[in-house]
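First up is the structure itself, then whatever we jot down about it.
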Amino acid sequence: MITGKTKLLGVIGHPVEHSLSPVMHNAAIAHLGVDYVYLPLPVNSHNLATALTGFAAIGLQGFNVTIPHKQAIIPLLSETTAIAHAVGAVNTVWRHGALWCGTNTDVEGFLAPLHALNRHWSDSIVTVLGNGGAARAVVAACAELGCAQIYVVGRNLEKLQQFHASWNYCVATKLQVASWEELPQIMPQTSLLINTTPIGMYPHPDASPLTLDAMIQLPAAAIAYDLIYTPRPTQFLQHAEKLGLFTIDGVEMLVHQGAAALKIWLQQPVPIEVMRQALQQQLKQG
Ligand code: NAP
């Protein structure tokens, strides 16, 4: 029940109507029996600074940040974590007294299903398809895992070079950028292949960033990881399944980035299974 004492959380973005976060967070809040509510908060780019002032005025406890504000919010925050700084994007903001602080829980979310495999990654060669916002979280995560080499594959050479130049020395030494045409040389060495492009996402479920023929070159022990969470499985993961590869879709990343954010706001353990079920239910309903 919402009362005058109920504390407010939310997600800001434009648009936010289709965000799955309210369902996931409110399910966890109800399960825990804490006096919070999580709301979708549509905010235009030109209103971002005003919105932040308003959030402080109404005592909002914290919020998620989605497209198009993940980068733009950084200069408006008093503090950002090292991981948010490395990724160059913030997806979670909380209040510290009168200050707003930000971090990026996509890295933790991305890593959760990989940590669950309980293996060593120091010999792993990672190939990341795409060089946008999600690819940045993936590269930071793979560097944190200690992977031996990270290839980032893109279609725009200038953007790829900027991507490479934006990392500190420690990450940059492991990172190589490549064009899609270079994939035939890279695929046979790849132990973890990650799609961070939107190719294959609803409403284009028949599209795939790679053909089955191109994926045949992957080693039999390779893992295929698609950040897309609708449809399930994507065409890319269907190709991987046909080749007998281990596959991971984007649902776990979404659940765990949300769980990490809720943990920051509530300062207590959160019910990940409840969040997963709520999300899966919502995805089934479309
Ligand atoms: P983004 O910043 O727009 O980046 C997309 C990247 O894909 C860019 O590098 C873009 O290349 C490339 N790309 C797009 N269409 C392409 C095409 N037809 N051929 C080749 N490359 C193409 O988007 P994002 O925020 O990184 O999100 C990417 C995907 O990850 C989305 O599907 C999103 O839903 C998913 N995601 C999932 C989670 C999760 O929790 N599971 C979290 C974040 C994102 P250019 O730069 O050359 O345009």
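Naming scheme: A, B, ... for chains in displayed order of the structure tokens; residues 1 onward per chain; ligands 1 onward as shown.
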
Applying 7 Å and only C-alpha atoms, which residues near region 143-154 of chain A remain after dropping the ones on its own chain fewer than 2 positions away? List them as number ranges by chain.
A: 121-131, 139-141, 156, 160, 171, 174-180

Preceding selection exported with C-alpha atoms as a compact mmCIF listing (two decimals), in the first residue's frame:
```txt
# COMPACT_ATOMS: atom_id res chain seq x y z
CA TRP A 121 39.11 -16.74 -17.83
CA SER A 122 42.80 -15.86 -18.03
CA ASP A 123 43.29 -17.84 -21.27
CA SER A 124 40.04 -16.65 -22.79
CA ILE A 125 39.88 -14.72 -26.03
CA VAL A 126 36.73 -12.63 -26.22
CA THR A 127 35.13 -11.27 -29.38
CA VAL A 128 32.60 -8.47 -28.93
CA LEU A 129 30.30 -7.67 -31.85
CA GLY A 130 29.44 -3.96 -31.81
CA ASN A 131 31.09 -0.97 -30.19
CA VAL A 139 34.82 -4.68 -22.32
CA ALA A 140 35.15 -3.34 -18.76
CA ALA A 141 33.69 -6.62 -17.48
CA ASN A 156 32.85 2.20 -38.53
CA LEU A 160 36.37 1.84 -33.47
CA VAL A 171 42.53 -2.34 -20.76
CA LYS A 174 44.35 -6.33 -24.16
CA LEU A 175 42.01 -4.66 -26.60
CA GLN A 176 42.12 -4.89 -30.39
CA VAL A 177 39.55 -3.40 -32.71
CA ALA A 178 38.66 -5.11 -35.97
CA SER A 179 36.29 -4.86 -38.89
CA TRP A 180 33.60 -7.48 -39.62
```

Env of Gly102 (chain A): 6 Å cut, atoms = only C-alpha atoms, seq-sep filter 6 positions within chain, self excluded. Answer as a PyMOL selection string.
chain A and resi 80+90+92-93

Take the residues from that selection and write them out as a PDB file, in the first residue's frame, keeping N, CA, C and O atoms.
```
ATOM      1  N   THR A  80      31.012   9.655  -9.129  1.00  0.00           N
ATOM      2  CA  THR A  80      30.743   8.443  -9.914  1.00  0.00           C
ATOM      3  C   THR A  80      31.802   7.420  -9.533  1.00  0.00           C
ATOM      4  O   THR A  80      32.936   7.775  -9.213  1.00  0.00           O
ATOM      5  N   VAL A  90      26.432   5.844 -16.686  1.00  0.00           N
ATOM      6  CA  VAL A  90      25.831   5.570 -15.374  1.00  0.00           C
ATOM      7  C   VAL A  90      24.442   4.998 -15.599  1.00  0.00           C
ATOM      8  O   VAL A  90      23.682   5.523 -16.410  1.00  0.00           O
ATOM      9  N   THR A  92      22.758   3.692 -12.586  1.00  0.00           N
ATOM     10  CA  THR A  92      22.159   3.656 -11.249  1.00  0.00           C
ATOM     11  C   THR A  92      22.628   4.866 -10.441  1.00  0.00           C
ATOM     12  O   THR A  92      23.836   5.119 -10.361  1.00  0.00           O
ATOM     13  N   VAL A  93      21.670   5.577  -9.870  1.00  0.00           N
ATOM     14  CA  VAL A  93      21.994   6.773  -9.083  1.00  0.00           C
ATOM     15  C   VAL A  93      21.368   6.630  -7.701  1.00  0.00           C
ATOM     16  O   VAL A  93      20.249   6.121  -7.575  1.00  0.00           O
TER      17      VAL A  93
END
```

Please extract the residues at most 6 Å from ligand 1, counting only C-alpha atoms and all ligand atoms, and provide them as an MDAnalysis selection string, using the chain letters and residue numbers of this document.
chainID A and resid 130:135 155:156 196:199 201 227:229 250:251 253:254

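Here CA of Ala28 (chain A) stands at a distance of 17.9 Å from CA of Trp94 (chain A).
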
Go through A:Leu266, A:Thr211, A:Gly88, A:Glu158 one by one, measure the shortest atom-to-atom distance of each to Ile74 (chain A) using only C-alpha atoms, and give the residue with the smallest value.
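Of the candidates, the smallest distance to Ile74 (chain A) is held by A:Gly88.
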
Looking at only C-alpha atoms, which of A:Trp100, A:Phe63, A:Tyr202, A:Phe163 is the one that sits closest to Leu77 (chain A)?
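Comparing A:Trp100, A:Phe63, A:Tyr202, A:Phe163 against Leu77 (chain A), the winner is A:Trp100.
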
So the first atom is CA of His18 (chain A) and the second is CA of Pro42 (chain A); what is the distance between them in Å, to one decimal place?
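Between CA of His18 (chain A) and CA of Pro42 (chain A) the gap works out to 10.9 Å.
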
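Among A:His31, A:His46, A:His25, A:His85, the residue with the shortest atom-to-atom distance to Gly13 (chain A), counting only C-alpha atoms, is A:His46.
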
Can you pull out every residue within 8 Å of region 271-284 of chain A, counting only C-alpha atoms, but drop anything in the same chain fewer than 6 positions away, and send it as a ChimeraX atom specification?
/A:20,23-25,27-28,31-32,230,251-252,255-256,259

Pick from A:Thr50, A:Thr3, A:Thr105, A:Asn64 nearest to Ala84 (chain A), counting only C-alpha atoms
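Looking at the shortest contact to Ala84 (chain A), the residue is A:Thr105.
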
Secondary structure check, strand (DSSP E) residues of region 66-246 of chain A, as a CSV table (one decimal) with N, CA, C and O atoms, in the first residue's frame:
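Produced file selection03.csv, reproduced below:
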```csv
chain,number,residue,atom,x,y,z
A,79,GLU,N,29.4,12.4,-7.5
A,79,GLU,CA,30.4,11.4,-7.5
A,79,GLU,C,30.0,10.3,-8.5
A,79,GLU,O,28.8,9.9,-8.6
A,80,THR,N,31.0,9.7,-9.1
A,80,THR,CA,30.7,8.4,-9.9
A,80,THR,C,31.8,7.4,-9.5
A,80,THR,O,32.9,7.8,-9.2
A,92,THR,N,22.8,3.7,-12.6
A,92,THR,CA,22.2,3.7,-11.2
A,92,THR,C,22.6,4.9,-10.4
A,92,THR,O,23.8,5.1,-10.4
A,93,VAL,N,21.7,5.6,-9.9
A,93,VAL,CA,22.0,6.8,-9.1
A,93,VAL,C,21.4,6.6,-7.7
A,93,VAL,O,20.2,6.1,-7.6
A,94,TRP,N,22.1,7.0,-6.7
A,94,TRP,CA,21.6,7.0,-5.3
A,94,TRP,C,22.0,8.3,-4.6
A,94,TRP,O,22.8,9.0,-5.1
A,95,ARG,N,21.3,8.5,-3.5
A,95,ARG,CA,21.5,9.7,-2.8
A,95,ARG,C,22.5,9.5,-1.6
A,95,ARG,O,22.4,8.5,-0.9
A,96,HIS,N,23.4,10.4,-1.5
A,96,HIS,CA,24.3,10.4,-0.3
A,96,HIS,C,24.1,11.8,0.3
A,96,HIS,O,24.8,12.7,-0.1
A,99,LEU,N,23.8,14.8,-1.9
A,99,LEU,CA,24.5,14.6,-3.2
A,99,LEU,C,23.9,13.4,-3.9
A,99,LEU,O,23.4,12.4,-3.3
A,100,TRP,N,24.1,13.4,-5.3
A,100,TRP,CA,23.7,12.3,-6.1
A,100,TRP,C,25.0,11.6,-6.5
A,100,TRP,O,25.9,12.2,-7.0
A,101,CYS,N,25.0,10.2,-6.4
A,101,CYS,CA,26.2,9.4,-6.7
A,101,CYS,C,25.7,8.4,-7.8
A,101,CYS,O,24.6,7.9,-7.7
A,102,GLY,N,26.6,8.1,-8.7
A,102,GLY,CA,26.2,7.2,-9.8
A,102,GLY,C,27.2,6.0,-10.0
A,102,GLY,O,28.4,6.2,-9.8
A,103,THR,N,26.7,4.9,-10.4
A,103,THR,CA,27.6,3.8,-10.8
A,103,THR,C,27.0,3.1,-12.0
A,103,THR,O,25.9,3.5,-12.6
A,125,ILE,N,39.9,-15.8,-25.0
A,125,ILE,CA,39.9,-14.7,-26.0
A,125,ILE,C,38.4,-14.4,-26.3
A,125,ILE,O,37.6,-15.2,-26.7
A,126,VAL,N,38.1,-13.1,-26.1
A,126,VAL,CA,36.7,-12.6,-26.2
A,126,VAL,C,36.6,-11.8,-27.5
A,126,VAL,O,37.4,-11.0,-27.9
A,127,THR,N,35.4,-12.1,-28.2
A,127,THR,CA,35.1,-11.3,-29.4
A,127,THR,C,33.8,-10.6,-29.1
A,127,THR,O,32.8,-11.3,-28.8
A,128,VAL,N,33.8,-9.3,-29.2
A,128,VAL,CA,32.6,-8.5,-28.9
A,128,VAL,C,32.1,-7.9,-30.3
A,128,VAL,O,32.8,-7.2,-30.9
A,129,LEU,N,30.9,-8.2,-30.6
A,129,LEU,CA,30.3,-7.7,-31.9
A,129,LEU,C,29.6,-6.4,-31.5
A,129,LEU,O,28.7,-6.4,-30.7
A,149,GLN,N,42.6,-11.6,-24.1
A,149,GLN,CA,42.5,-10.7,-25.3
A,149,GLN,C,41.1,-10.4,-25.6
A,149,GLN,O,40.2,-11.2,-25.4
A,150,ILE,N,40.8,-9.1,-26.0
A,150,ILE,CA,39.4,-8.7,-26.3
A,150,ILE,C,39.4,-8.1,-27.7
A,150,ILE,O,40.1,-7.1,-27.9
A,151,TYR,N,38.7,-8.7,-28.6
A,151,TYR,CA,38.5,-8.1,-29.9
A,151,TYR,C,37.2,-7.4,-29.9
A,151,TYR,O,36.2,-8.0,-29.5
A,152,VAL,N,37.2,-6.2,-30.4
A,152,VAL,CA,35.9,-5.5,-30.6
A,152,VAL,C,35.7,-5.2,-32.1
A,152,VAL,O,36.5,-4.6,-32.7
A,153,VAL,N,34.6,-5.8,-32.5
A,153,VAL,CA,34.3,-5.7,-34.0
A,153,VAL,C,33.2,-4.7,-34.3
A,153,VAL,O,32.2,-4.7,-33.7
A,154,GLY,N,33.6,-3.8,-35.2
A,154,GLY,CA,32.6,-2.8,-35.6
A,154,GLY,C,32.6,-2.5,-37.1
A,154,GLY,O,33.5,-3.0,-37.8
A,175,LEU,N,43.1,-4.9,-25.7
A,175,LEU,CA,42.0,-4.7,-26.6
A,175,LEU,C,42.5,-4.5,-28.0
A,175,LEU,O,43.5,-3.8,-28.3
A,176,GLN,N,41.8,-5.1,-29.0
A,176,GLN,CA,42.1,-4.9,-30.4
A,176,GLN,C,40.8,-4.6,-31.1
A,176,GLN,O,39.8,-5.3,-30.8
A,177,VAL,N,40.8,-3.6,-32.0
A,177,VAL,CA,39.6,-3.4,-32.7
A,177,VAL,C,39.7,-4.0,-34.1
A,177,VAL,O,40.8,-4.1,-34.6
A,178,ALA,N,38.6,-4.4,-34.7
A,178,ALA,CA,38.7,-5.1,-36.0
A,178,ALA,C,37.4,-4.9,-36.7
A,178,ALA,O,36.3,-4.6,-36.2
A,179,SER,N,37.5,-5.0,-38.0
A,179,SER,CA,36.3,-4.9,-38.9
A,179,SER,C,35.6,-6.2,-39.0
A,179,SER,O,36.2,-7.3,-38.7
A,192,LEU,N,34.8,-16.8,-26.2
A,192,LEU,CA,33.6,-16.1,-25.7
A,192,LEU,C,33.2,-15.1,-26.8
A,192,LEU,O,33.9,-14.1,-27.0
A,193,LEU,N,32.0,-15.4,-27.5
A,193,LEU,CA,31.6,-14.5,-28.5
A,193,LEU,C,30.3,-13.8,-28.0
A,193,LEU,O,29.3,-14.4,-27.7
A,194,ILE,N,30.4,-12.4,-28.0
A,194,ILE,CA,29.3,-11.7,-27.4
A,194,ILE,C,28.7,-10.7,-28.4
A,194,ILE,O,29.4,-9.9,-29.1
A,195,ASN,N,27.3,-10.8,-28.6
A,195,ASN,CA,26.6,-9.9,-29.5
A,195,ASN,C,26.1,-8.7,-28.6
A,195,ASN,O,25.2,-8.9,-27.8
A,223,ILE,N,31.7,-20.1,-26.0
A,223,ILE,CA,30.4,-19.7,-25.4
A,223,ILE,C,29.8,-18.6,-26.3
A,223,ILE,O,30.6,-17.7,-26.7
A,224,ALA,N,28.5,-18.6,-26.6
A,224,ALA,CA,27.9,-17.5,-27.3
A,224,ALA,C,27.0,-16.8,-26.4
A,224,ALA,O,26.1,-17.4,-25.7
A,225,TYR,N,27.1,-15.5,-26.3
A,225,TYR,CA,26.4,-14.7,-25.3
A,225,TYR,C,25.8,-13.5,-26.1
A,225,TYR,O,26.4,-12.8,-26.7
A,226,ASP,N,24.4,-13.5,-26.0
A,226,ASP,CA,23.7,-12.4,-26.7
A,226,ASP,C,23.1,-11.5,-25.6
A,226,ASP,O,22.3,-12.0,-24.7
A,246,PHE,N,27.6,-23.6,-25.8
A,246,PHE,CA,26.9,-23.1,-24.6
A,246,PHE,C,26.4,-21.7,-24.9
A,246,PHE,O,27.2,-20.9,-25.4
```

Using DSSP secondary structure from the backbone, list all alpha helix (DSSP H) positions within region 73-272 of chain A, as JSON, numbers by chain.
{"A": [82, 83, 84, 85, 86, 87, 106, 107, 108, 109, 110, 111, 112, 113, 114, 115, 133, 134, 135, 136, 137, 138, 139, 140, 141, 142, 143, 144, 145, 157, 158, 159, 160, 161, 162, 163, 164, 165, 169, 170, 171, 172, 183, 184, 185, 186, 212, 213, 214, 215, 235, 236, 237, 238, 239, 240, 241, 242, 251, 252, 253, 254, 255, 256, 257, 258, 259, 260, 261, 262, 263, 264, 265, 266, 272]}
